[in-house]
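Novice: A single structure is presented below for examination.
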2 protein chains.
Amino acid sequence: MSTIRDVARAAGVSIATVSRVFNDSSRVSEETVQRVRTVASGLDYWPNLAARSLITARTHAIGLLLPDLFGEFFSEVIRGIDHGARREHLQVLVSSSHADTDALAAAARSMRGRIDGLIVMAPDEGSAAAIQQLARRFPIVLLNPRLGSDGCCAVSIANFEGAHAMVAHLLSLGRREIAMIKGPAGNADAEERLRGYREALHEAGLLPAPGQEIQGDFSEASGYRAAVAILAMEPRPRAVFAANDYMAIGLLSALRDASVRVPQDMAVTGFDDIAISQYLSPPLTTVHVDAYELGARAIRLWAAAAASPQPQASHHEVLPTTLVVRSSCGSTHPSAADARSERRRTSAAT
Amino acid sequence: MSTIRDVARAAGVSIATVSRVFNDSSRVSEETVQRVRTVASGLDYWPNLAARSLITARTHAIGLLLPDLFGEFFSEVIRGIDHGARREHLQVLVSSSHADTDALAAAARSMRGRIDGLIVMAPDEGSAAAIQQLARRFPIVLLNPRLGSDGCCAVSIANFEGAHAMVAHLLSLGRREIAMIKGPAGNADAEERLRGYREALHEAGLLPAPGQEIQGDFSEASGYRAAVAILAMEPRPRAVFAANDYMAIGLLSALRDASVRVPQDMAVTGFDDIAISQYLSPPLTTVHVDAYELGARAIRLWAAAAASPQPQASHHEVLPTTLVVRSSCGSTHPSAADARSERRRTSAAT
DNA sequence: CGCATCTATGAAACCGTTTACACGCCGAAC
DNA sequence: GTTCGGCGTGTAAACGGTTTCATAGATGCG
């Protein structure tokens with residue numbers, strides 16, 4: 001592993017000159033640049049980034065702290081972050097599966113000296129605040145925080161509006177008994193979606209019945225299990241709004257096993273619009289969330305915060321959602337949004 | 001941002017003592033340890049990892065180089081790597097979307113000084129060899145390389161065996177005209193799965209007809225498109241083996257649109273056994289691949305290589321695959337493997 | 001009491017860079 | 001022929017840690 005000293009010796013110059021060649025290149029004669037470059041590539045030299053960051057106090061890397069990651073949604077968020085990071089010439093140090101606040105804080109601490117900032121997704125209660133406190137030394141962007149993430153950049157999803165639009169749509173189709181499969185307790189996204197559901201019912205003059213809200217945890221299995229409770233309800237709901245697509249998939253599967261026709265007997269809708277939703281049977285009416293954009297936007301926000309000198313006001317972006325009407329809700333006229341979303345995914349891999 | 005010097009001064013000791021407290025803790029009196037610890041936490045001090053790695057020549061971080069990541073399969077691989085890394089107290093520097101060999105090499109170079117090794121997934125032609133060459137300075141583990149990844153640790157999937165078992169199963173059900181939707185050209189996994197398909201047909205005394213092999217690219221859209229070619233075949237195939245589940249999903253969707261009954265008119269099978277396969281309509285017969293284990297195994301292999309002093313012989317592990325028989329293939333008796341796989345996924349998130 | 005041994009700590013070298021500053025050289029201006 | 005400014009380069013001091021070696025004091029033993 002050759003160092004700057006090896007290159008300097010071999011090229012017959014000082015280490016300062018080699019350093020200059022690899023950085024600003026200012027004030028170095030063309031001839032010297034050439035000689036150093038050839039010697040360096042011959043020795044397979046490349047500056048040691050740890051050493052460089054020690055003196056420059058910039059690492060050009062950011063930490064990414066996530067909850068336990070699963071499925072297409074996270075996959076897309078990471079892809080967005082990765083692409084954004086490449087654009088900004090940033091490296092990404094990732095750490096996930098953080099159940100509680102302490103684990104998050106420990107992960108952040110263990111990155112000290114290696115990163116210039118943090119992107120944190122902590123949908124559970126107040127853990128983001130702790131991180132924000134701990135990491136006051138550098139810019140930090142929150143992903144999908146609870147509302148009122150005080151004094152900190154953040155980008156989140158219009159969960160409330162999306163859920164509200166979805167339930168309003170079901171109501172407009174004449175379905176009045178609408179059950180909901182909730183996401184995990186304490187999860188910010190889940191709570192906002194629940195709030196949107198309740199508000200839409202309320203506006204229609206309907207009282208949200210506690211019995212119509214079934215606990216789920218965002219997994220297909222919990223969606224499948226929820227079917228038992230739903231089929232036992234009196235009167236049986238004419239529609240079910242699942243807080244994410246995975247639970248809707250589990251529910252669809254259970255309804256098929258129970259020979260309940262979708263959408264004739266029961267409408268089913270989800271949230272997220274993961275790639276396979278349009279290929280389900282029946283194709284799933286859902287709320288489109290641009291997970292890729294969520295990640296990409298986070299990087300952009302971070303880069304802006306890092307570039308500006310002053311601490312700057314906390315910037316909070318909200319990513320809009322789109323209602324994607326397919327056939328699982330029994331609508332007679334799929335919306336234009338549907339056709340748009342079909343073209344979304346182009347490349348792919350195993 | 002307090003340094004070791006600040007702590008030393010505040011605690012009235014030398015920096016060497018502070019360092020000892022945070023490392024081996026050997027030969028420091030209990031009283032001093034206490035004082036340093038309280039002072040350090042009061043100053044919110046934590047060792048700067050870049051500085052530490054400079055002198056110790058160990059970063060406790062590994063680089064993860066991936067192709068463009070998409071969907072559940074990658075998501076699971078990353079999860080396996082993340083969990084494994086946590087167990088080994090390693091950090092993960094991730095970089096994906098590497099189309100060609102040069103991009104891979106550049107990414108590896110740009111991590112110099114920050115990592116102790118590399119985990120590389122480069123399913124496309126020979127790029128792994130270049131990386132292996134470039135990174136001879138430290139341990140490197142290849143994920144799913146082409147066969148004959150000379151002199152380098154690797155862990156791969158039993159693609160050939162899985163595909164072979166699947167096609168043999170379809171043949172055993174009496175289906176003789178079996179088409180295949182291939183994965184992208186140049187992709188190692190795709191080629192092995194194709195080889196397994198051809199071999200199984202060959203063993204049954206059937207000639208693989210080139211017209212029965214349709215080009216796909218692992219995306220749902222390409223699976224959907226393949227349906228056109230398949231439905232036009234004469235005689236129409238009684239079964240289709242898709243090289244991954246996403247393409248099978250696209251195909252199922254297209255067959256539904258064309259009112260072709262699955263499995264009565266046509267059996268459909270996939271590869272990977274992504275989480276939602278069991279919830280499809282009909283539930284998909286597929287080849288189970290433990291993507292999580294693939295990642296976890298890679299970390300374990302890397303850690304073993306890093307721990308051993310000598311360069312050590314290249315270790316190549318092959319992850320077995322399991323045939324998961326559900327109803328999309330028309331089998332009358334779902335196998336025991338099915339029940340096993342149902343319990344696989346427990347926790348989840350949006 | 002003298003000496004060897006052990007324990008807790010400090011001084012200083014080192015890791016691989018960047019960069020402020022100094023310096024020598026050359027051509028131009030006076 | 002000085003003086004001067006710029007250019008190209010080198011010297012050395014950081015950056016924030018770890019670790020070797022030395023040392024001072026305490027202890028054990030004959």
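Ordered as shown in the structure tokens, chains take letters A, B, and onward, while each chain numbers its residues from 1 and ligands are numbered from 1 in the order shown.
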Please identify all residues of chain A having at least one atom at most 6 Å from any atom of chain B, considering only C-alpha atoms, and return them as a PyMOL selection string.
Specialist: chain A and resi 48-50+70-72+75+92-94+112-114+218-219+253+279+348-350
Novice: Using only C-alpha atoms (C1' of nucleotides), tabulate the residues of chain D lying at most 10 Å from any atom of chain A, each with its closest atom pair and that distance in Å to one decimal, by chain and increasing residue number, as JSON lines.
Specialist:
```
{"residue": "D:DC7", "atom": "C1'", "partner": "A:Arg27", "partner_atom": "CA", "distance": 7.2}
{"residue": "D:DG8", "atom": "C1'", "partner": "A:Val28", "partner_atom": "CA", "distance": 6.3}
{"residue": "D:DT9", "atom": "C1'", "partner": "A:Thr17", "partner_atom": "CA", "distance": 7.2}
{"residue": "D:DG10", "atom": "C1'", "partner": "A:Ser14", "partner_atom": "CA", "distance": 6.3}
{"residue": "D:DT11", "atom": "C1'", "partner": "A:Ser14", "partner_atom": "CA", "distance": 9.3}
{"residue": "D:DA14", "atom": "C1'", "partner": "A:Ile55", "partner_atom": "CA", "distance": 7.7}
{"residue": "D:DC15", "atom": "C1'", "partner": "A:Ile55", "partner_atom": "CA", "distance": 4.4}
{"residue": "D:DG16", "atom": "C1'", "partner": "A:Leu54", "partner_atom": "CA", "distance": 7.4}
```
Novice: Go through chain C residue by residue and, counting only C-alpha atoms (C1' of nucleotides), keep those with an atom at most 12 Å from chain B; for each kept residue give the shortest atom pair and its distance in Å to one decimal, ordered by chain and increasing number, as a tab-separated table.
Specialist:
```
residue	atom	partner	partner_atom	distance
C:DC6	C1'	B:Arg27	CA	11.1
C:DT7	C1'	B:Arg27	CA	7.2
C:DA8	C1'	B:Val28	CA	6.2
C:DT9	C1'	B:Thr17	CA	7.1
C:DG10	C1'	B:Ser14	CA	6.3
C:DA11	C1'	B:Ser14	CA	9.3
C:DA12	C1'	B:Ala16	CA	10.8
C:DA13	C1'	B:Ile55	CA	11.6
C:DC14	C1'	B:Ile55	CA	7.5
C:DC15	C1'	B:Ile55	CA	4.2
C:DG16	C1'	B:Leu54	CA	7.4
C:DT17	C1'	B:Leu54	CA	10.1
```
Novice: What does the file look like for those residues with N, CA and C atoms (P, O5', C5', C4', C3', O3' and C1' of nucleotides), as a PDB file, in the first residue's frame?
Specialist:
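Dumped everything to result.pdb:
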```pdb
ATOM      1  P    DC C   6       7.649  -8.928  38.135  1.00  0.00           P
ATOM      2  O5'  DC C   6       6.449  -7.962  38.527  1.00  0.00           O
ATOM      3  C5'  DC C   6       6.010  -7.894  39.892  1.00  0.00           C
ATOM      4  C4'  DC C   6       5.222  -6.611  40.092  1.00  0.00           C
ATOM      5  C3'  DC C   6       4.316  -6.252  38.901  1.00  0.00           C
ATOM      6  O3'  DC C   6       2.990  -6.077  39.385  1.00  0.00           O
ATOM      7  C1'  DC C   6       5.574  -4.377  39.600  1.00  0.00           C
ATOM      8  P    DT C   7       1.770  -5.911  38.344  1.00  0.00           P
ATOM      9  O5'  DT C   7       1.385  -4.401  38.616  1.00  0.00           O
ATOM     10  C5'  DT C   7       1.291  -3.913  39.951  1.00  0.00           C
ATOM     11  C4'  DT C   7       1.044  -2.423  39.916  1.00  0.00           C
ATOM     12  C3'  DT C   7       0.082  -1.984  38.805  1.00  0.00           C
ATOM     13  O3'  DT C   7      -0.882  -1.107  39.345  1.00  0.00           O
ATOM     14  C1'  DT C   7       2.099  -0.748  38.689  1.00  0.00           C
ATOM     15  P    DA C   8      -2.202  -0.698  38.527  1.00  0.00           P
ATOM     16  O5'  DA C   8      -1.918   0.821  38.208  1.00  0.00           O
ATOM     17  C5'  DA C   8      -1.773   1.738  39.279  1.00  0.00           C
ATOM     18  C4'  DA C   8      -1.195   3.032  38.749  1.00  0.00           C
ATOM     19  C3'  DA C   8      -2.000   3.674  37.621  1.00  0.00           C
ATOM     20  O3'  DA C   8      -2.293   5.010  37.998  1.00  0.00           O
ATOM     21  C1'  DA C   8       0.286   3.534  37.026  1.00  0.00           C
ATOM     22  P    DT C   9      -3.181   5.920  36.991  1.00  0.00           P
ATOM     23  O5'  DT C   9      -2.061   6.596  36.106  1.00  0.00           O
ATOM     24  C5'  DT C   9      -1.250   7.613  36.681  1.00  0.00           C
ATOM     25  C4'  DT C   9      -0.103   7.936  35.765  1.00  0.00           C
ATOM     26  C3'  DT C   9      -0.470   8.673  34.489  1.00  0.00           C
ATOM     27  O3'  DT C   9      -0.267  10.062  34.708  1.00  0.00           O
ATOM     28  C1'  DT C   9       1.330   7.133  34.210  1.00  0.00           C
ATOM     29  P    DG C  10      -0.636  11.136  33.585  1.00  0.00           P
ATOM     30  O5'  DG C  10       0.763  11.365  32.860  1.00  0.00           O
ATOM     31  C5'  DG C  10       1.909  11.661  33.655  1.00  0.00           C
ATOM     32  C4'  DG C  10       3.145  11.748  32.774  1.00  0.00           C
ATOM     33  C3'  DG C  10       2.973  12.579  31.508  1.00  0.00           C
ATOM     34  O3'  DG C  10       4.165  13.326  31.284  1.00  0.00           O
ATOM     35  C1'  DG C  10       3.646  10.399  30.917  1.00  0.00           C
ATOM     36  P    DA C  11       4.158  14.529  30.263  1.00  0.00           P
ATOM     37  O5'  DA C  11       5.430  14.217  29.342  1.00  0.00           O
ATOM     38  C5'  DA C  11       6.446  13.331  29.801  1.00  0.00           C
ATOM     39  C4'  DA C  11       7.409  13.030  28.665  1.00  0.00           C
ATOM     40  C3'  DA C  11       7.343  13.957  27.450  1.00  0.00           C
ATOM     41  O3'  DA C  11       8.638  14.042  26.882  1.00  0.00           O
ATOM     42  C1'  DA C  11       6.635  11.791  26.819  1.00  0.00           C
ATOM     43  P    DA C  12       8.843  14.921  25.542  1.00  0.00           P
ATOM     44  O5'  DA C  12       8.733  13.844  24.364  1.00  0.00           O
ATOM     45  C5'  DA C  12       9.471  12.626  24.469  1.00  0.00           C
ATOM     46  C4'  DA C  12       9.203  11.771  23.248  1.00  0.00           C
ATOM     47  C3'  DA C  12       9.081  12.535  21.928  1.00  0.00           C
ATOM     48  O3'  DA C  12       9.650  11.743  20.913  1.00  0.00           O
ATOM     49  C1'  DA C  12       7.155  11.280  22.261  1.00  0.00           C
ATOM     50  P    DA C  13      10.121  12.360  19.516  1.00  0.00           P
ATOM     51  O5'  DA C  13       9.936  11.120  18.515  1.00  0.00           O
ATOM     52  C5'  DA C  13      10.258   9.795  18.967  1.00  0.00           C
ATOM     53  C4'  DA C  13       9.371   8.794  18.249  1.00  0.00           C
ATOM     54  C3'  DA C  13       9.175   9.073  16.756  1.00  0.00           C
ATOM     55  O3'  DA C  13       9.241   7.868  16.046  1.00  0.00           O
ATOM     56  C1'  DA C  13       7.085   8.962  17.812  1.00  0.00           C
ATOM     57  P    DC C  14       9.436   7.890  14.444  1.00  0.00           P
ATOM     58  O5'  DC C  14       7.981   7.495  13.908  1.00  0.00           O
ATOM     59  C5'  DC C  14       7.358   6.282  14.330  1.00  0.00           C
ATOM     60  C4'  DC C  14       5.889   6.385  14.064  1.00  0.00           C
ATOM     61  C3'  DC C  14       5.512   6.894  12.660  1.00  0.00           C
ATOM     62  O3'  DC C  14       4.991   5.821  11.911  1.00  0.00           O
ATOM     63  C1'  DC C  14       4.084   7.748  14.367  1.00  0.00           C
ATOM     64  P    DC C  15       5.076   5.897  10.288  1.00  0.00           P
ATOM     65  O5'  DC C  15       3.574   5.616   9.874  1.00  0.00           O
ATOM     66  C5'  DC C  15       2.710   4.767  10.600  1.00  0.00           C
ATOM     67  C4'  DC C  15       1.285   5.202  10.383  1.00  0.00           C
ATOM     68  C3'  DC C  15       1.092   5.993   9.092  1.00  0.00           C
ATOM     69  O3'  DC C  15       0.643   5.106   8.073  1.00  0.00           O
ATOM     70  C1'  DC C  15      -0.065   7.000  10.955  1.00  0.00           C
ATOM     71  P    DG C  16       1.312   5.219   6.617  1.00  0.00           P
ATOM     72  O5'  DG C  16       0.460   6.392   5.955  1.00  0.00           O
ATOM     73  C5'  DG C  16      -0.937   6.214   5.779  1.00  0.00           C
ATOM     74  C4'  DG C  16      -1.540   7.501   5.280  1.00  0.00           C
ATOM     75  C3'  DG C  16      -0.847   8.097   4.051  1.00  0.00           C
ATOM     76  O3'  DG C  16      -1.838   8.561   3.173  1.00  0.00           O
ATOM     77  C1'  DG C  16      -0.884   9.677   5.783  1.00  0.00           C
ATOM     78  P    DT C  17      -1.521   9.036   1.710  1.00  0.00           P
ATOM     79  O5'  DT C  17      -2.474  10.316   1.586  1.00  0.00           O
ATOM     80  C5'  DT C  17      -1.934  11.618   1.685  1.00  0.00           C
ATOM     81  C4'  DT C  17      -2.841  12.434   2.549  1.00  0.00           C
ATOM     82  C3'  DT C  17      -2.854  13.899   2.174  1.00  0.00           C
ATOM     83  O3'  DT C  17      -4.002  14.171   1.391  1.00  0.00           O
ATOM     84  C1'  DT C  17      -2.492  13.603   4.544  1.00  0.00           C
TER      85       DT C  17
END
```
Novice: Write out as a ChimeraX atom specification the set of residues from segment 153-333 of chain A that DSSP, computed on the backbone, places in strand (DSSP E or B).
Specialist: /A:153-157,178-182,213-215,239-242,267-269,272,285-288,316-319,322-324
Novice: Set the distance at 12 Å and use only C-alpha atoms (C1' of nucleotides): which residues neighbour DT5 of chain C once local chain neighbours fewer than 6 positions away are removed? I'd like the list as a short mmCIF file (atom, residue, chain, number, x, y, z; two decimals) with C-alpha atoms (C1' of nucleotides), in the first residue's frame.
Specialist:
```
data_model
loop_
_atom_site.label_atom_id
_atom_site.label_comp_id
_atom_site.auth_asym_id
_atom_site.auth_seq_id
_atom_site.Cartn_x
_atom_site.Cartn_y
_atom_site.Cartn_z
"C1'" DA D 26 5.14 1.46 45.90
"C1'" DT D 27 5.95 -3.14 47.29
"C1'" DG D 28 8.29 -7.63 48.38
"C1'" DC D 29 12.20 -10.08 49.76
#
```
Novice: Could you tell me which of B:Leu65, B:Val324, B:Ala179, B:Ala163 comes closest to His98 of chain B if we count only C-alpha atoms?
Specialist: B:Leu65
Novice: What does the distance between atom CA of Gln215 of chain B and atom CA of Arg146 of chain B come to in Å, to one decimal place?
Specialist: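 These two atoms are separated by 19.9 Å.
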Novice: Which one of A:Pro210, A:Arg195, A:Ala248, A:Ala227 sits closest to Val260 of chain A if you count only C-alpha atoms?
Specialist: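 Checking each candidate against Val260 of chain A, we get A:Ala227 as the closest.
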Novice: Taking 5 positions as the minimum chain separation for residues in the same chain, which residues sit within 12 Å of Ala209 of chain A when counting only C-alpha atoms (C1' of nucleotides)? Answer as a list in words.
Specialist: Arg176, Glu177, Ile178, Ala179, Met180, Tyr197, Arg198, Leu201, His202, Ile214, Met233, Glu234, Pro235 and Pro237 of chain A
Novice: Those residues you just picked out, can you put them in a file as a compact mmCIF listing (two decimals), in the first residue's frame with N, CA and C atoms?
Specialist:
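Dumped to selection38.txt:
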```txt
# COMPACT_ATOMS: atom_id res chain seq x y z
N ARG A 176 -69.95 2.55 2.51
CA ARG A 176 -70.05 3.32 3.75
C ARG A 176 -69.46 2.58 4.95
N GLU A 177 -69.55 1.27 4.96
CA GLU A 177 -68.92 0.54 6.05
C GLU A 177 -67.49 0.24 5.62
N ILE A 178 -66.57 1.05 6.09
CA ILE A 178 -65.17 0.91 5.68
C ILE A 178 -64.31 0.57 6.89
N ALA A 179 -63.68 -0.59 6.84
CA ALA A 179 -62.77 -0.98 7.92
C ALA A 179 -61.35 -0.55 7.56
N MET A 180 -60.51 -0.51 8.58
CA MET A 180 -59.11 -0.18 8.30
C MET A 180 -58.19 -1.14 9.02
N TYR A 197 -57.95 8.52 7.63
CA TYR A 197 -59.12 7.63 7.53
C TYR A 197 -60.25 8.15 8.40
N ARG A 198 -59.92 8.46 9.65
CA ARG A 198 -60.95 8.92 10.59
C ARG A 198 -61.56 10.25 10.13
N LEU A 201 -64.00 9.85 7.26
CA LEU A 201 -65.27 9.30 7.74
C LEU A 201 -66.06 10.39 8.45
N HIS A 202 -65.35 11.13 9.28
CA HIS A 202 -65.99 12.18 10.05
C HIS A 202 -66.66 13.21 9.14
N ILE A 214 -58.58 -2.45 12.83
CA ILE A 214 -57.89 -3.67 13.25
C ILE A 214 -56.39 -3.43 13.27
N MET A 233 -67.14 -9.24 11.34
CA MET A 233 -67.84 -8.01 11.71
C MET A 233 -69.31 -8.03 11.28
N GLU A 234 -70.13 -7.39 12.11
CA GLU A 234 -71.55 -7.23 11.79
C GLU A 234 -71.91 -5.74 11.84
N PRO A 235 -72.35 -5.12 10.79
CA PRO A 235 -72.45 -5.69 9.45
C PRO A 235 -71.07 -5.84 8.82
N PRO A 237 -68.07 -5.18 6.57
CA PRO A 237 -67.68 -3.98 5.83
C PRO A 237 -67.72 -4.21 4.32
```
Novice: Contacts of DT3 of chain D at 12 Å or less, counting only C-alpha atoms (C1' of nucleotides), minus same-chain residues fewer than 2 places along, as an mmCIF file with N, CA and C atoms (P, O5', C5', C4', C3', O3' and C1' of nucleotides), in the first residue's frame?
Specialist:
```cif
data_model
loop_
_atom_site.group_PDB
_atom_site.id
_atom_site.type_symbol
_atom_site.label_atom_id
_atom_site.label_comp_id
_atom_site.auth_asym_id
_atom_site.auth_seq_id
_atom_site.Cartn_x
_atom_site.Cartn_y
_atom_site.Cartn_z
ATOM 1 P P DA C 28 10.881 39.646 -19.391
ATOM 2 O "O5'" DA C 28 10.399 40.807 -18.424
ATOM 3 C "C5'" DA C 28 9.177 40.646 -17.689
ATOM 4 C "C4'" DA C 28 8.976 41.851 -16.794
ATOM 5 C "C3'" DA C 28 9.230 43.188 -17.476
ATOM 6 O "O3'" DA C 28 8.254 44.116 -17.024
ATOM 7 C "C1'" DA C 28 10.669 42.973 -15.609
ATOM 8 P P DA C 29 8.046 45.508 -17.751
ATOM 9 O "O5'" DA C 29 8.392 46.563 -16.612
ATOM 10 C "C5'" DA C 29 7.807 46.413 -15.321
ATOM 11 C "C4'" DA C 29 8.557 47.277 -14.330
ATOM 12 C "C3'" DA C 29 8.890 48.678 -14.842
ATOM 13 O "O3'" DA C 29 8.559 49.637 -13.844
ATOM 14 C "C1'" DA C 29 10.858 47.615 -14.073
ATOM 15 P P DC C 30 8.407 51.196 -14.230
ATOM 16 O "O5'" DC C 30 9.699 51.835 -13.579
ATOM 17 C "C5'" DC C 30 9.903 51.758 -12.162
ATOM 18 C "C4'" DC C 30 11.364 51.996 -11.843
ATOM 19 C "C3'" DC C 30 11.972 53.213 -12.540
ATOM 20 O "O3'" DC C 30 11.883 54.364 -11.690
ATOM 21 C "C1'" DC C 30 13.495 51.359 -12.442
ATOM 22 P P DG D 1 25.762 44.765 -14.051
ATOM 23 O "O5'" DG D 1 25.098 45.804 -13.032
ATOM 24 C "C5'" DG D 1 25.848 46.595 -12.120
ATOM 25 C "C4'" DG D 1 24.934 46.967 -10.999
ATOM 26 C "C3'" DG D 1 24.556 45.803 -10.085
ATOM 27 O "O3'" DG D 1 24.266 46.333 -8.803
ATOM 28 C "C1'" DG D 1 22.632 46.544 -11.218
ATOM 29 P P DG D 5 6.556 44.217 -4.723
ATOM 30 O "O5'" DG D 5 5.906 43.194 -5.754
ATOM 31 C "C5'" DG D 5 5.680 43.605 -7.098
ATOM 32 C "C4'" DG D 5 5.452 42.378 -7.963
ATOM 33 C "C3'" DG D 5 4.531 41.342 -7.331
ATOM 34 O "O3'" DG D 5 3.645 40.863 -8.322
ATOM 35 C "C1'" DG D 5 6.632 40.350 -7.830
#
```
Novice: For the structure I just gave you, how does DSSP split segment 226-317 of chain A - specifically, which residues are helix (DSSP H, G or I)? Reply as number ranges by chain.
Specialist: A: 226-231, 245-257, 275-279, 291-307
Novice: Report, in Å to a single decimal, how far apart atom CA of Pro263 of chain B and atom CA of Leu206 of chain B are.
Specialist: 21.8 Å
Novice: Can you work out which one of D:DT19, D:DA12, D:DT2, D:DG30 has the shortest atom-to-atom distance to DC1 of chain C, counting only C-alpha atoms (C1' of nucleotides)?
Specialist: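 Residue with the minimum atom-to-atom distance to DC1 of chain C: D:DG30.
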Novice: Would you list the contacts of DA20 of chain C as a PyMOL selection string, taking every protein, DNA or RNA residue within 10 Å and counting only C-alpha atoms (C1' of nucleotides), but skipping same-chain residues closer than 2 positions in sequence?
Specialist: (chain C and resi 18+22) or (chain D and resi 12-13)
Novice: Would you put the residues from that selection into a file with N, CA and C atoms (P, O5', C5', C4', C3', O3' and C1' of nucleotides), as an mmCIF file, in the first residue's frame?
Specialist:
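Okay, out-v4.cif is ready:
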```cif
data_model
loop_
_atom_site.group_PDB
_atom_site.id
_atom_site.type_symbol
_atom_site.label_atom_id
_atom_site.label_comp_id
_atom_site.auth_asym_id
_atom_site.auth_seq_id
_atom_site.Cartn_x
_atom_site.Cartn_y
_atom_site.Cartn_z
ATOM 1 P P DT C 18 -4.013 15.458 0.489
ATOM 2 O "O5'" DT C 18 -4.066 16.657 1.545
ATOM 3 C "C5'" DT C 18 -5.269 16.910 2.236
ATOM 4 C "C4'" DT C 18 -5.107 18.146 3.096
ATOM 5 C "C3'" DT C 18 -4.933 19.448 2.318
ATOM 6 O "O3'" DT C 18 -5.721 20.430 2.987
ATOM 7 C "C1'" DT C 18 -3.127 19.163 3.804
ATOM 8 P P DA C 22 6.909 33.226 6.824
ATOM 9 O "O5'" DA C 22 8.026 32.370 6.099
ATOM 10 C "C5'" DA C 22 8.531 31.182 6.733
ATOM 11 C "C4'" DA C 22 9.616 30.582 5.858
ATOM 12 C "C3'" DA C 22 10.558 31.617 5.239
ATOM 13 O "O3'" DA C 22 11.878 31.095 5.244
ATOM 14 C "C1'" DA C 22 9.488 30.394 3.523
ATOM 15 P P DA D 12 12.313 21.384 8.172
ATOM 16 O "O5'" DA D 12 10.874 21.677 8.805
ATOM 17 C "C5'" DA D 12 10.444 23.041 8.945
ATOM 18 C "C4'" DA D 12 9.041 23.062 9.503
ATOM 19 C "C3'" DA D 12 8.765 22.057 10.623
ATOM 20 O "O3'" DA D 12 7.854 22.668 11.514
ATOM 21 C "C1'" DA D 12 7.262 21.685 8.915
ATOM 22 P P DA D 13 7.811 22.261 13.035
ATOM 23 O "O5'" DA D 13 6.342 22.733 13.448
ATOM 24 C "C5'" DA D 13 5.831 23.950 12.920
ATOM 25 C "C4'" DA D 13 4.350 23.815 12.643
ATOM 26 C "C3'" DA D 13 3.567 23.084 13.740
ATOM 27 O "O3'" DA D 13 2.328 23.740 13.914
ATOM 28 C "C1'" DA D 13 3.204 22.030 11.695
#
```
Novice: Please measure the separation of atom CA of Ile131 of chain A and atom CA of Ala105 of chain A, giving the value in Å to one decimal.
Specialist: 6.0 Å
Novice: Tell me, as number ranges by chain, which residues lie within 8 Å of Ser331 of chain B, counting only C-alpha atoms (C1' of nucleotides); anything in the same chain fewer than 5 positions away does not count.
Specialist: B: 173, 325-326
